[in-house]
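Novice: Following this line is start-v1.cif, made up of mmCIF, N, CA and C atoms:
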```cif
data_target
#
loop_
_atom_site.label_atom_id
_atom_site.label_comp_id
_atom_site.auth_asym_id
_atom_site.auth_seq_id
_atom_site.Cartn_x
_atom_site.Cartn_y
_atom_site.Cartn_z
N MET A 1 -86.15 -11.67 24.96
CA MET A 1 -84.98 -12.04 24.20
C MET A 1 -83.85 -11.02 24.40
N HIS A 2 -84.24 -9.76 24.41
CA HIS A 2 -83.24 -8.70 24.56
C HIS A 2 -82.55 -8.77 25.93
N ILE A 3 -83.33 -9.04 26.96
CA ILE A 3 -82.75 -9.13 28.31
C ILE A 3 -81.83 -10.34 28.41
N PHE A 4 -82.21 -11.46 27.79
CA PHE A 4 -81.35 -12.64 27.79
C PHE A 4 -80.01 -12.33 27.11
N LEU A 5 -80.03 -11.61 26.00
CA LEU A 5 -78.79 -11.26 25.31
C LEU A 5 -77.91 -10.33 26.14
N ILE A 6 -78.53 -9.42 26.86
CA ILE A 6 -77.77 -8.51 27.72
C ILE A 6 -77.09 -9.29 28.84
N ILE A 7 -77.83 -10.20 29.46
CA ILE A 7 -77.25 -11.01 30.54
C ILE A 7 -76.14 -11.91 30.00
N ALA A 8 -76.36 -12.52 28.83
CA ALA A 8 -75.33 -13.37 28.22
C ALA A 8 -74.08 -12.56 27.90
N GLN A 9 -74.27 -11.35 27.40
CA GLN A 9 -73.13 -10.50 27.08
C GLN A 9 -72.36 -10.10 28.34
N LEU A 10 -73.05 -9.83 29.42
CA LEU A 10 -72.37 -9.49 30.67
C LEU A 10 -71.57 -10.68 31.20
N VAL A 11 -72.17 -11.86 31.17
CA VAL A 11 -71.48 -13.05 31.66
C VAL A 11 -70.25 -13.36 30.80
N ILE A 12 -70.41 -13.31 29.48
CA ILE A 12 -69.28 -13.59 28.59
C ILE A 12 -68.21 -12.52 28.74
N GLY A 13 -68.60 -11.28 28.95
CA GLY A 13 -67.63 -10.21 29.15
C GLY A 13 -66.79 -10.41 30.41
N VAL A 14 -67.43 -10.81 31.49
CA VAL A 14 -66.70 -11.06 32.74
C VAL A 14 -65.78 -12.27 32.58
N MET A 15 -66.28 -13.32 31.91
CA MET A 15 -65.44 -14.50 31.67
C MET A 15 -64.24 -14.14 30.80
N LEU A 16 -64.45 -13.31 29.79
CA LEU A 16 -63.37 -12.89 28.90
C LEU A 16 -62.30 -12.11 29.66
N ILE A 17 -62.72 -11.23 30.54
CA ILE A 17 -61.77 -10.47 31.35
C ILE A 17 -60.96 -11.40 32.25
N CYS A 18 -61.63 -12.35 32.88
CA CYS A 18 -60.93 -13.29 33.77
C CYS A 18 -59.91 -14.14 33.01
N VAL A 19 -60.30 -14.64 31.84
CA VAL A 19 -59.39 -15.48 31.06
C VAL A 19 -58.18 -14.67 30.58
N ILE A 20 -58.40 -13.44 30.17
CA ILE A 20 -57.29 -12.60 29.72
C ILE A 20 -56.33 -12.31 30.88
N LEU A 21 -56.86 -12.06 32.06
CA LEU A 21 -56.00 -11.77 33.20
C LEU A 21 -55.24 -13.00 33.69
N MET A 22 -55.74 -14.19 33.41
CA MET A 22 -55.06 -15.42 33.83
C MET A 22 -53.88 -15.78 32.92
N GLN A 23 -53.82 -15.18 31.73
CA GLN A 23 -52.75 -15.52 30.79
C GLN A 23 -51.43 -14.90 31.24
N PRO A 24 -50.32 -15.65 31.07
CA PRO A 24 -49.01 -15.11 31.44
C PRO A 24 -48.53 -14.08 30.42
N GLY A 25 -47.56 -13.27 30.84
CA GLY A 25 -47.00 -12.28 29.94
C GLY A 25 -46.18 -12.93 28.84
N LYS A 26 -46.05 -12.25 27.71
CA LYS A 26 -45.32 -12.81 26.57
C LYS A 26 -43.86 -12.38 26.54
N THR A 27 -43.45 -11.43 27.34
CA THR A 27 -42.08 -10.95 27.29
C THR A 27 -41.29 -11.41 28.49
N ASN A 28 -39.99 -11.46 28.34
CA ASN A 28 -39.11 -11.83 29.44
C ASN A 28 -38.51 -10.61 30.13
N GLY A 29 -38.88 -9.45 29.67
CA GLY A 29 -38.35 -8.24 30.28
C GLY A 29 -36.92 -7.99 29.83
N LEU A 30 -36.15 -7.34 30.68
CA LEU A 30 -34.78 -6.96 30.35
C LEU A 30 -33.87 -8.17 30.23
N SER A 31 -34.11 -9.24 30.98
CA SER A 31 -33.25 -10.42 30.90
C SER A 31 -33.33 -11.07 29.52
N GLY A 32 -34.49 -11.07 28.90
CA GLY A 32 -34.62 -11.61 27.56
C GLY A 32 -33.93 -10.75 26.53
N PHE A 33 -33.88 -9.46 26.77
CA PHE A 33 -33.21 -8.55 25.84
C PHE A 33 -31.70 -8.73 25.89
N ILE A 34 -31.15 -8.91 27.07
CA ILE A 34 -29.71 -9.04 27.23
C ILE A 34 -29.22 -10.40 26.74
N SER A 35 -29.91 -11.47 27.09
CA SER A 35 -29.43 -12.81 26.75
C SER A 35 -29.88 -13.25 25.36
N GLY A 36 -30.68 -12.47 24.67
CA GLY A 36 -31.11 -12.85 23.33
C GLY A 36 -32.37 -13.66 23.29
N GLY A 37 -33.09 -13.76 24.35
CA GLY A 37 -34.36 -14.48 24.37
C GLY A 37 -34.20 -15.89 24.87
N PRO A 38 -35.30 -16.57 25.03
CA PRO A 38 -35.26 -17.93 25.57
C PRO A 38 -34.70 -18.91 24.54
N SER A 39 -34.06 -19.94 25.01
CA SER A 39 -33.56 -20.97 24.12
C SER A 39 -34.63 -22.03 23.92
N GLU A 40 -34.43 -22.92 22.96
CA GLU A 40 -35.37 -24.01 22.71
C GLU A 40 -35.39 -24.94 23.91
N SER A 41 -36.55 -25.22 24.40
CA SER A 41 -36.70 -26.15 25.52
C SER A 41 -37.89 -27.05 25.25
N PHE A 42 -38.06 -28.03 26.09
CA PHE A 42 -39.19 -28.94 25.95
C PHE A 42 -40.50 -28.17 26.05
N TYR A 43 -40.54 -27.19 26.94
CA TYR A 43 -41.76 -26.40 27.13
C TYR A 43 -42.10 -25.61 25.87
N SER A 44 -41.10 -24.98 25.26
CA SER A 44 -41.38 -24.16 24.08
C SER A 44 -41.73 -25.01 22.87
N LYS A 45 -41.24 -26.24 22.80
CA LYS A 45 -41.58 -27.12 21.69
C LYS A 45 -43.00 -27.66 21.81
N ASN A 46 -43.49 -27.85 23.03
CA ASN A 46 -44.82 -28.42 23.26
C ASN A 46 -45.80 -27.38 23.77
N LYS A 47 -45.69 -26.17 23.30
CA LYS A 47 -46.52 -25.09 23.80
C LYS A 47 -47.99 -25.26 23.43
N SER A 48 -48.28 -26.00 22.36
CA SER A 48 -49.67 -26.15 21.94
C SER A 48 -50.47 -27.03 22.89
N ARG A 49 -49.81 -27.80 23.75
CA ARG A 49 -50.51 -28.69 24.68
C ARG A 49 -50.60 -28.12 26.10
N THR A 50 -50.15 -26.92 26.30
CA THR A 50 -50.10 -26.37 27.65
C THR A 50 -51.39 -25.64 28.00
N SER A 51 -51.46 -25.24 29.24
CA SER A 51 -52.62 -24.46 29.68
C SER A 51 -52.64 -23.08 29.04
N GLU A 52 -51.46 -22.58 28.67
CA GLU A 52 -51.39 -21.29 27.99
C GLU A 52 -52.11 -21.34 26.64
N ALA A 53 -51.94 -22.43 25.92
CA ALA A 53 -52.62 -22.59 24.64
C ALA A 53 -54.13 -22.74 24.85
N MET A 54 -54.52 -23.44 25.90
CA MET A 54 -55.94 -23.61 26.20
C MET A 54 -56.58 -22.25 26.53
N LEU A 55 -55.89 -21.44 27.32
CA LEU A 55 -56.42 -20.11 27.65
C LEU A 55 -56.53 -19.24 26.40
N SER A 56 -55.59 -19.40 25.50
CA SER A 56 -55.62 -18.63 24.26
C SER A 56 -56.82 -19.03 23.41
N ARG A 57 -57.09 -20.32 23.32
CA ARG A 57 -58.26 -20.79 22.56
C ARG A 57 -59.56 -20.32 23.19
N ILE A 58 -59.64 -20.40 24.51
CA ILE A 58 -60.84 -19.95 25.21
C ILE A 58 -61.06 -18.46 24.98
N THR A 59 -59.99 -17.68 24.97
CA THR A 59 -60.08 -16.25 24.73
C THR A 59 -60.66 -15.97 23.36
N VAL A 60 -60.20 -16.68 22.35
CA VAL A 60 -60.70 -16.48 20.99
C VAL A 60 -62.18 -16.84 20.90
N VAL A 61 -62.58 -17.95 21.49
CA VAL A 61 -63.98 -18.37 21.44
C VAL A 61 -64.88 -17.36 22.15
N LEU A 62 -64.46 -16.91 23.33
CA LEU A 62 -65.27 -15.94 24.07
C LEU A 62 -65.36 -14.61 23.34
N ALA A 63 -64.27 -14.19 22.71
CA ALA A 63 -64.29 -12.93 21.96
C ALA A 63 -65.23 -13.02 20.76
N ILE A 64 -65.24 -14.16 20.08
CA ILE A 64 -66.15 -14.34 18.94
C ILE A 64 -67.60 -14.34 19.41
N LEU A 65 -67.88 -15.03 20.52
CA LEU A 65 -69.23 -15.02 21.07
C LEU A 65 -69.67 -13.62 21.48
N PHE A 66 -68.77 -12.88 22.10
CA PHE A 66 -69.08 -11.51 22.54
C PHE A 66 -69.41 -10.63 21.33
N ALA A 67 -68.60 -10.74 20.27
CA ALA A 67 -68.84 -9.94 19.07
C ALA A 67 -70.15 -10.35 18.40
N ALA A 68 -70.43 -11.65 18.36
CA ALA A 68 -71.67 -12.11 17.73
C ALA A 68 -72.89 -11.60 18.48
N ILE A 69 -72.83 -11.62 19.81
CA ILE A 69 -73.96 -11.11 20.60
C ILE A 69 -74.13 -9.62 20.38
N CYS A 70 -73.04 -8.88 20.25
CA CYS A 70 -73.13 -7.44 19.97
C CYS A 70 -73.84 -7.19 18.63
N ILE A 71 -73.48 -7.99 17.62
CA ILE A 71 -74.10 -7.83 16.30
C ILE A 71 -75.59 -8.18 16.37
N VAL A 72 -75.93 -9.25 17.05
CA VAL A 72 -77.34 -9.65 17.17
C VAL A 72 -78.15 -8.58 17.90
N GLN A 73 -77.57 -8.01 18.96
CA GLN A 73 -78.29 -6.97 19.69
C GLN A 73 -78.50 -5.73 18.82
N THR A 74 -77.53 -5.41 17.98
CA THR A 74 -77.69 -4.27 17.09
C THR A 74 -78.78 -4.52 16.05
N MET A 75 -78.85 -5.75 15.55
CA MET A 75 -79.86 -6.07 14.54
C MET A 75 -81.27 -6.10 15.14
N ILE A 76 -81.38 -6.46 16.42
CA ILE A 76 -82.70 -6.53 17.07
C ILE A 76 -83.29 -5.14 17.30
N LYS A 77 -82.44 -4.20 17.64
CA LYS A 77 -82.95 -2.83 17.94
C LYS A 77 -83.61 -2.22 16.77
#
```
Could you spell out this file's structure in structure tokens?

Specialist:
Amino acid sequence: MHIFLIIAQLVIGVMLICVILMQPGKTNGLSGFISGGPSESFYSKNKSRTSEAMLSRITVVLAILFAAICIVQTMIK
């Protein structure tokens, strides 16, 4: 059981790193500072249906699974 949890934690950890690296940056850099930020667009209004929202949800789920496995491993020892 302990070895299975270690392998699951390694796999979830690698998946979590990959999903985090696939997410786009949240800032516009200096251009957003000068122009006052992005204006309302179709993309910003429908952000919950985009791949960015999906990656965010996957990140949360993987992080919860990773934390749960850490707690279970601590309780088993």

Novice: Assuming the chain letters and numbering stay as they are in my file, what does the PyMOL selection byres ((chain A and resi 23) around 8) actually select? List them as a ChimeraX atom specification.

Specialist: /A:18-22,24-26,51-52,55-56

Novice: Grab the atom CA of Lys77 of chain A to atom C of Gln9 of chain A distance for me, in Å with one decimal place.

Specialist: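 So the two atoms, atom CA of Lys77 of chain A and atom C of Gln9 of chain A, lie 16.5 Å apart.
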
Novice: How would you write, as an MDAnalysis selection string, the residues chosen by the PyMOL selection byres (((chain A and resi 59-74 and name CA) around 10) and name CA) on this structure?

Specialist: chainID A and resid 1:3 5:6 8:13 15:20 23 53:58 75:77

Novice: Rebuild segment 52-63 of chain A to all heavy atoms - output it as a CSV table (one decimal), keeping the file's coordinate frame, please.

Specialist:
```
chain,number,residue,atom,x,y,z
A,52,GLU,N,-51.5,-22.6,28.7
A,52,GLU,CA,-51.4,-21.3,28.0
A,52,GLU,C,-52.1,-21.3,26.6
A,52,GLU,O,-52.8,-20.4,26.3
A,52,GLU,CB,-49.9,-20.9,27.8
A,52,GLU,CG,-49.7,-19.6,27.2
A,52,GLU,CD,-48.2,-19.2,27.1
A,52,GLU,OE1,-47.4,-19.8,27.8
A,52,GLU,OE2,-47.9,-18.4,26.2
A,53,ALA,N,-51.9,-22.4,25.9
A,53,ALA,CA,-52.6,-22.6,24.6
A,53,ALA,C,-54.1,-22.7,24.8
A,53,ALA,O,-54.9,-22.2,24.1
A,53,ALA,CB,-52.1,-23.8,23.9
A,54,MET,N,-54.5,-23.4,25.9
A,54,MET,CA,-55.9,-23.6,26.2
A,54,MET,C,-56.6,-22.2,26.5
A,54,MET,O,-57.7,-21.9,26.0
A,54,MET,CB,-56.1,-24.6,27.4
A,54,MET,CG,-57.6,-24.8,27.7
A,54,MET,SD,-57.9,-25.8,29.2
A,54,MET,CE,-57.2,-24.7,30.4
A,55,LEU,N,-55.9,-21.4,27.3
A,55,LEU,CA,-56.4,-20.1,27.6
A,55,LEU,C,-56.5,-19.2,26.4
A,55,LEU,O,-57.5,-18.5,26.3
A,55,LEU,CB,-55.5,-19.4,28.7
A,55,LEU,CG,-55.6,-20.0,30.1
A,55,LEU,CD1,-54.6,-19.3,31.0
A,55,LEU,CD2,-57.0,-19.8,30.7
A,56,SER,N,-55.6,-19.4,25.5
A,56,SER,CA,-55.6,-18.6,24.3
A,56,SER,C,-56.8,-19.0,23.4
A,56,SER,O,-57.5,-18.2,22.8
A,56,SER,CB,-54.3,-18.9,23.5
A,56,SER,OG,-54.4,-18.2,22.3
A,57,ARG,N,-57.1,-20.3,23.3
A,57,ARG,CA,-58.3,-20.8,22.6
A,57,ARG,C,-59.6,-20.3,23.2
A,57,ARG,O,-60.5,-19.9,22.5
A,57,ARG,CB,-58.2,-22.3,22.5
A,57,ARG,CG,-57.2,-22.8,21.5
A,57,ARG,CD,-57.4,-24.3,21.3
A,57,ARG,NE,-56.1,-24.9,20.9
A,57,ARG,CZ,-55.4,-25.7,21.6
A,57,ARG,NH1,-55.9,-26.2,22.8
A,57,ARG,NH2,-54.2,-26.2,21.2
A,58,ILE,N,-59.6,-20.4,24.5
A,58,ILE,CA,-60.8,-20.0,25.2
A,58,ILE,C,-61.1,-18.5,25.0
A,58,ILE,O,-62.2,-18.0,24.8
A,58,ILE,CB,-60.8,-20.3,26.7
A,58,ILE,CG1,-60.8,-21.8,26.9
A,58,ILE,CG2,-61.9,-19.6,27.5
A,58,ILE,CD1,-60.5,-22.2,28.3
A,59,THR,N,-60.0,-17.7,25.0
A,59,THR,CA,-60.1,-16.2,24.7
A,59,THR,C,-60.7,-16.0,23.4
A,59,THR,O,-61.5,-15.1,23.2
A,59,THR,CB,-58.7,-15.6,24.9
A,59,THR,OG1,-58.2,-15.8,26.2
A,59,THR,CG2,-58.8,-14.1,24.6
A,60,VAL,N,-60.2,-16.7,22.4
A,60,VAL,CA,-60.7,-16.5,21.0
A,60,VAL,C,-62.2,-16.8,20.9
A,60,VAL,O,-63.0,-16.1,20.3
A,60,VAL,CB,-59.9,-17.3,20.0
A,60,VAL,CG1,-60.5,-17.3,18.6
A,60,VAL,CG2,-58.4,-16.8,19.9
A,61,VAL,N,-62.6,-18.0,21.5
A,61,VAL,CA,-64.0,-18.4,21.4
A,61,VAL,C,-64.9,-17.4,22.2
A,61,VAL,O,-65.9,-17.0,21.6
A,61,VAL,CB,-64.1,-19.8,22.1
A,61,VAL,CG1,-65.6,-20.1,22.2
A,61,VAL,CG2,-63.5,-20.8,21.2
A,62,LEU,N,-64.5,-16.9,23.3
A,62,LEU,CA,-65.3,-15.9,24.1
A,62,LEU,C,-65.4,-14.6,23.3
A,62,LEU,O,-66.4,-14.0,23.3
A,62,LEU,CB,-64.7,-15.7,25.5
A,62,LEU,CG,-64.9,-16.9,26.5
A,62,LEU,CD1,-64.2,-16.6,27.8
A,62,LEU,CD2,-66.4,-17.1,26.7
A,63,ALA,N,-64.3,-14.2,22.7
A,63,ALA,CA,-64.3,-12.9,22.0
A,63,ALA,C,-65.2,-13.0,20.8
A,63,ALA,O,-66.0,-12.1,20.5
A,63,ALA,CB,-62.9,-12.6,21.5
```
